[in-house]
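Accompanying notes for the structure given below.
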Amino acid sequence: MKLNELDKGRRAMVESVNLENDLKKRFSAMGLSPGIILRVCRRTFGSDSLHVKIECSSCLALSKAEASHIEVTPIGKGKGFGHAWQRGQDKYCCDRRDCPMKESS
Amino acid sequence: MSSEIKVAIVGQPNVGKSSIINALSNAKLHVGNFSGVTVEKKEVYLKRDDYDIKMTDLPGIYALNAYTPEEQVAKDFLINEDYDVVVNVVDANTLSRNLIFTMQLLDMHKKTILVINMIDEVEKKGGLLNKHKLEELLGIPIVLTSAKENRGVEEIVTQIIKLYNAPLAKNKIYYNEKVELRVEELAKILRKSPHFKSPDYSRFLAIRLLDRDEDVYKMIHDLPIFIEAHNALEKMYKELESEFDEESTTDILANERAAISYNLQMEALDMEEDDESLSEKLDNFLIHPIFGLPIFLFFMWALFQLTFVLGNYPMNVIANIFGETSSFLADFLPKGIFNSVLTQGILPAVGAIIMFLPNILVLFLGLNLLEQTGYMSRAAYLMDGFLKRFGLQGKAFVPLVSGFGCTVPAYMAARTLKNPKDRIITMLVLGFMSCGARLPIYVLLVSAFFINSNPGNMLFYIYIGGAFLGLVVAKILRTVLFKGEPEPFVMEMPPYRFPSFKALGMDLWIKTKMFLQKAGTFIAIAAMVIWFLSSYPVNDTIVQNYNTKIEQTVDTSKKESLKMS
């Protein structure tokens with residue numbers, strides 16, 4: 001699923017950021033990289049831009065065009081601290097009891 | 001004899017670097033430009049014990065992969081300039097994201113202090129940061145600060161002196177062993193060049209090369225080791241990408257750093273995610289999909305109303321002071337050239353400019369407030385879709401609105417746009433955003449022609465009309481001259497923060513000083529030239545002619561003041 005298709009209030013994990021290298025580096029530096037969990041807070045009128053909250057980090061504003069290049073997997077609704085990294089053989093997962101990644105793994 | 005310590009202050013945007021600098025006691029602030037570019041360079045001079053500390057506040061930078069021209073300046077400084085200590089300021093609220101950049105800095109293996117700012121905000125949320133644990137993991141000293149509460153700021157200076165005198169600590173940040181193996185191999189090749197003999201520097205450059213840093217690649221391009229380094233690098237790219245099943249080594253390093261920083265945060269910071277923070281509650285109202293834009297327009301309207309109404313009172317007082325002083329000096333000083341140039345040239349001209357200073361300051365204060373509270377980036381988010389229709393992107397909104405205050409910083413703010421076409425279009429239409437210097441003319445015209453209708457509204461229409469015309473021109477420029485899509489829009493939305501009155505005061509004081517300096521120098525000189533050109537050569541026939549006209553048209557009470565001498 002693309003980030004721009006994610007419903008307002010729904011949480012999702014970023015699977016991949018399919019943008020050109022410079023922009024990908026930029027997103028990563030701003031905290032938006034594969035493995036992070038985010039939530040769409042709101043959209044502007046006409047849905048041109050999205051307001052996204054990265055859990056335990058900052059809020060980002062990004063346009064629909066860029067969001068359509070970000071693959072996400074929706075995860076459970078509601079409160080929760082979620083953050084997971086799964087790259088190659090290395091796996092990092094938070095040790096919170098309510099981490100949604102724990103439930104799925 | 002005192003020794004000089006050169007310090008580079010660096011951090012991501014919105015972490016409160018400037019607030020820390022403002023909070024340092026007895027600091028002398030010098031504002032200039034980095035050489036060769038118009039990027040603002042803030043330097044702070046401090047004297048502590050026997051040390052002269054020179055701190056350079058670098059522009060905010062998210063990562064060493066510089067994205068905007070402003071970030072490039074910070075990157076160039078960090079890589080090429082000479083300094084003794086790096087002070088990395090991070091935001092405690094977004095620690096793991098900030099630590100990603102910290103790790104890039106630690107790759108340089110310089111004496112580094114980590115300043116974790118806004119710790120008060122974390123504590124208010126019930127968070128607890130284990131400073132000693134993080135110090136142990138990172139291997140660098142950490143200072144917890146709250147610039148707002150003036151907490152921990154002086155300790156930064158103490159740590160700078162301590163670190164300056166201490167030997168360089170061992171690097172503690174290492175990547176995955178597969179990556180480290182390639183870093184060492186590449187560093188060995190680089191060390192063959194006399195430029196990169198230092199093990200730390202060669203390791204740093206090797207990491208940068210694996211991170212596909214084009215600047216470092218260009219740096220080695222003309223050196224004899226290039227072919228060997230290039231071939232090794234190509235091989236390493238392929239091997240690592242295959243081993244990690246990633247598209248690029250940049251992704252591998254980004255994932256490594258993200259994983260390490262996340263784990264560092266998990267080890268050192270105990271903080272629960274807010275259900276709904278105050279910022280989110282405010283955002284529900286202020287950037288509402290339907291009401292957000294009208295609210296923004298209301299704020300702008302209110303600002304121009306305040307500019308006119310509030311500025312009017314001191315304006316009249318200043319006008320009276322200059323008028324009275326001119327009349328007094330005209331009577332008091334002996335008649336002659338000096339009397340004439342002072343009372344009819346310099347004082348009226350300088351007074352006519354200074355009397356609008358209160359209006360300009362109200363406008364600046366309003367724009368600064370919008371920026372410091374974090375509302376400006378929200379406005380950019382709201383405007384992105386609208387601006388896209390005119391060939392601009394949301395981030396262009398910040399320089400455009402700053403243009404209402406002063407065009408010079410607005411041009412400088414355009415540096416945050418990466419795409420040169422976007423930058424040029426934004427800069428070309430900035431002239432349509434009426435700057436503060438035009439305000440006196442507008443106030444004069446509005447007072448003269450629209451005093452019976454609402455003058456504040458008229459002022460608002462003038463500004464909005466100019467801005468709209470600017471957008472039309474932007475669309476024409478995008479369609480005709482600078483074809484292509486605007487730069488992708490991604491922007492951080494910092495939490496709403498109560499503005500720092502000290503920082504606001506400091507900024508207004510700098511602007512007032514600059515304005516008064518200009519009024520006292522350029523405007524005074526121009527007034528003297530105009531006075532000279534309008535007074536010489538004296539033509540008795542013309543003087544007589546005008547005096548006769550005055551006699552015929554103006555009422556008796558004003559005759560004397562208008563009569564040509």
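For the structure tokens, the naming scheme is as follows: chains receive sequential letters (A, B, ...) according to their order of presentation, residues are indexed from 1 within each chain, and ligands are indexed from 1 in presentation order.
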
Counting only C-alpha atoms, a student should be able to say which residues of chain A come within 6 Å of chain B; what is the right answer, written as a PDB file with C-alpha atoms, in the first residue's frame?
ATOM      1  CA  ALA A  29      17.866  12.065   7.512  1.00  0.00           C
ATOM      2  CA  GLY A  31      13.570  10.184  10.101  1.00  0.00           C
ATOM      3  CA  THR A  44      -4.966  19.371   3.390  1.00  0.00           C
ATOM      4  CA  PHE A  45      -8.130  20.308   1.543  1.00  0.00           C
ATOM      5  CA  ASP A  48      -2.467  17.692  -1.902  1.00  0.00           C
ATOM      6  CA  CYS A  56       8.675   8.855  18.996  1.00  0.00           C
ATOM      7  CA  SER A  57      10.032  11.421  16.586  1.00  0.00           C
ATOM      8  CA  CYS A  59       6.095  15.411  12.366  1.00  0.00           C
ATOM      9  CA  LEU A  60       6.641  15.809   8.663  1.00  0.00           C
ATOM     10  CA  ALA A  61       4.639  17.513   5.950  1.00  0.00           C
ATOM     11  CA  LEU A  62       4.980  15.980   2.533  1.00  0.00           C
ATOM     12  CA  SER A  63       3.109  16.185  -0.710  1.00  0.00           C
ATOM     13  CA  GLY A  88      19.279  -8.683   6.191  1.00  0.00           C
TER      14      GLY A  88
END

Shell around Thr112 of chain B at 6 Å using only C-alpha atoms, local window under 6 positions removed, as a ChimeraX atom specification: /B:85-87

query: Which one is closest to Cys41 of chain A: B:Lys502, B:Lys17, B:Lys281, B:Arg497? Count only C-alpha atoms.
result: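 Result for the nearest residue to Cys41 of chain A: B:Lys281.
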
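In this structure, atom CA of Met103 of chain B sits 28.0 Å away from atom CA of Gln372 of chain B.
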
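One distance worth recording is that between atom CA of Ala527 of chain B and atom CA of Ile337 of chain B, which is 14.0 Å.
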
message: Using only C-alpha atoms, which protein or nucleic acid residues come within 9 Å of Phe532 of chain B? Drop anything in the same chain fewer than 5 positions from it, and give the result as a PyMOL selection string.
response: chain B and resi 341+345+527+537

Output the selection as a short mmCIF file (atom, residue, chain, number, x, y, z; two decimals), in the first residue's frame - N, CA and C atoms for each residue.
data_model
loop_
_atom_site.label_atom_id
_atom_site.label_comp_id
_atom_site.auth_asym_id
_atom_site.auth_seq_id
_atom_site.Cartn_x
_atom_site.Cartn_y
_atom_site.Cartn_z
N VAL B 341 20.97 72.97 5.84
CA VAL B 341 21.15 71.55 5.51
C VAL B 341 20.62 70.66 6.64
N GLY B 345 17.21 69.66 5.41
CA GLY B 345 17.66 68.49 4.66
C GLY B 345 17.67 67.24 5.50
N ALA B 527 20.01 62.73 1.81
CA ALA B 527 19.26 63.97 2.13
C ALA B 527 20.11 65.20 1.87
N PRO B 537 22.15 75.77 -8.05
CA PRO B 537 22.45 77.20 -7.86
C PRO B 537 21.18 77.98 -7.51
#

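Counting from atom CA of His230 of chain B, the distance to atom CA of Lys218 of chain B is 11.2 Å.
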
task: For Pro74 of chain A, please output as JSON, numbers by chain all residues within 12 Å (counting only C-alpha atoms; exclusion window: fewer than 2 positions along the same chain).
output: {"A": [1, 2, 3, 5, 6, 7, 8, 9, 10, 11, 12, 13, 14, 15, 36, 37, 38, 39, 40, 71, 72, 76, 77, 100, 101, 104]}

Let me see the file: selected residues, C-alpha atoms, as a PDB file, in the first residue's frame.
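Now in result.pdb:
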ATOM      1  CA  MET A   1       0.000   0.000   0.000  1.00  0.00           C
ATOM      2  CA  LYS A   2       1.198   3.552  -0.741  1.00  0.00           C
ATOM      3  CA  LEU A   3       1.445   6.113   2.040  1.00  0.00           C
ATOM      4  CA  GLU A   5      -3.607   5.790   0.362  1.00  0.00           C
ATOM      5  CA  LEU A   6      -3.325   5.282   4.104  1.00  0.00           C
ATOM      6  CA  ASP A   7      -6.416   6.397   6.030  1.00  0.00           C
ATOM      7  CA  LYS A   8      -6.191   9.271   8.468  1.00  0.00           C
ATOM      8  CA  GLY A   9      -5.284   8.050  11.951  1.00  0.00           C
ATOM      9  CA  ARG A  10      -4.077   4.639  10.726  1.00  0.00           C
ATOM     10  CA  ARG A  11      -0.608   3.498  11.726  1.00  0.00           C
ATOM     11  CA  ALA A  12       1.722   1.798   9.307  1.00  0.00           C
ATOM     12  CA  MET A  13       5.284   0.601   8.988  1.00  0.00           C
ATOM     13  CA  VAL A  14       7.386   1.950   6.158  1.00  0.00           C
ATOM     14  CA  GLU A  15       8.518  -0.862   3.898  1.00  0.00           C
ATOM     15  CA  ILE A  36       9.798   3.237  11.142  1.00  0.00           C
ATOM     16  CA  ILE A  37       6.192   3.432  12.213  1.00  0.00           C
ATOM     17  CA  LEU A  38       4.122   6.431  11.309  1.00  0.00           C
ATOM     18  CA  ARG A  39       0.609   7.730  11.343  1.00  0.00           C
ATOM     19  CA  VAL A  40      -1.196  10.050   8.938  1.00  0.00           C
ATOM     20  CA  GLU A  71       5.343   1.680   0.478  1.00  0.00           C
ATOM     21  CA  VAL A  72       3.752   1.022   3.865  1.00  0.00           C
ATOM     22  CA  GLY A  76      -2.956  -2.079  14.472  1.00  0.00           C
ATOM     23  CA  LYS A  77      -4.809   1.033  15.476  1.00  0.00           C
ATOM     24  CA  PRO A 100       3.020  -4.207  17.383  1.00  0.00           C
ATOM     25  CA  MET A 101       6.009  -5.772  15.685  1.00  0.00           C
ATOM     26  CA  SER A 104       3.416  -9.950  14.319  1.00  0.00           C
TER      27      SER A 104
END

task: List the neighbours of Met458 of chain B out to 12 Å using only C-alpha atoms; skip same-chain residues closer than 2 positions along the sequence, and give me the result as a PyMOL selection string.
output: chain B and resi 301+304-305+308+442-456+460-465

message: Could you go through segment 32-251 of chain B and tell me which residues DSSP, when run on the backbone, assigns to alpha helix (DSSP H), listing them as a ChimeraX atom specification?
response: /B:69-80,95-107,119-124,131-138,153-165,177-190,199-210,214-221,226-244,249-251
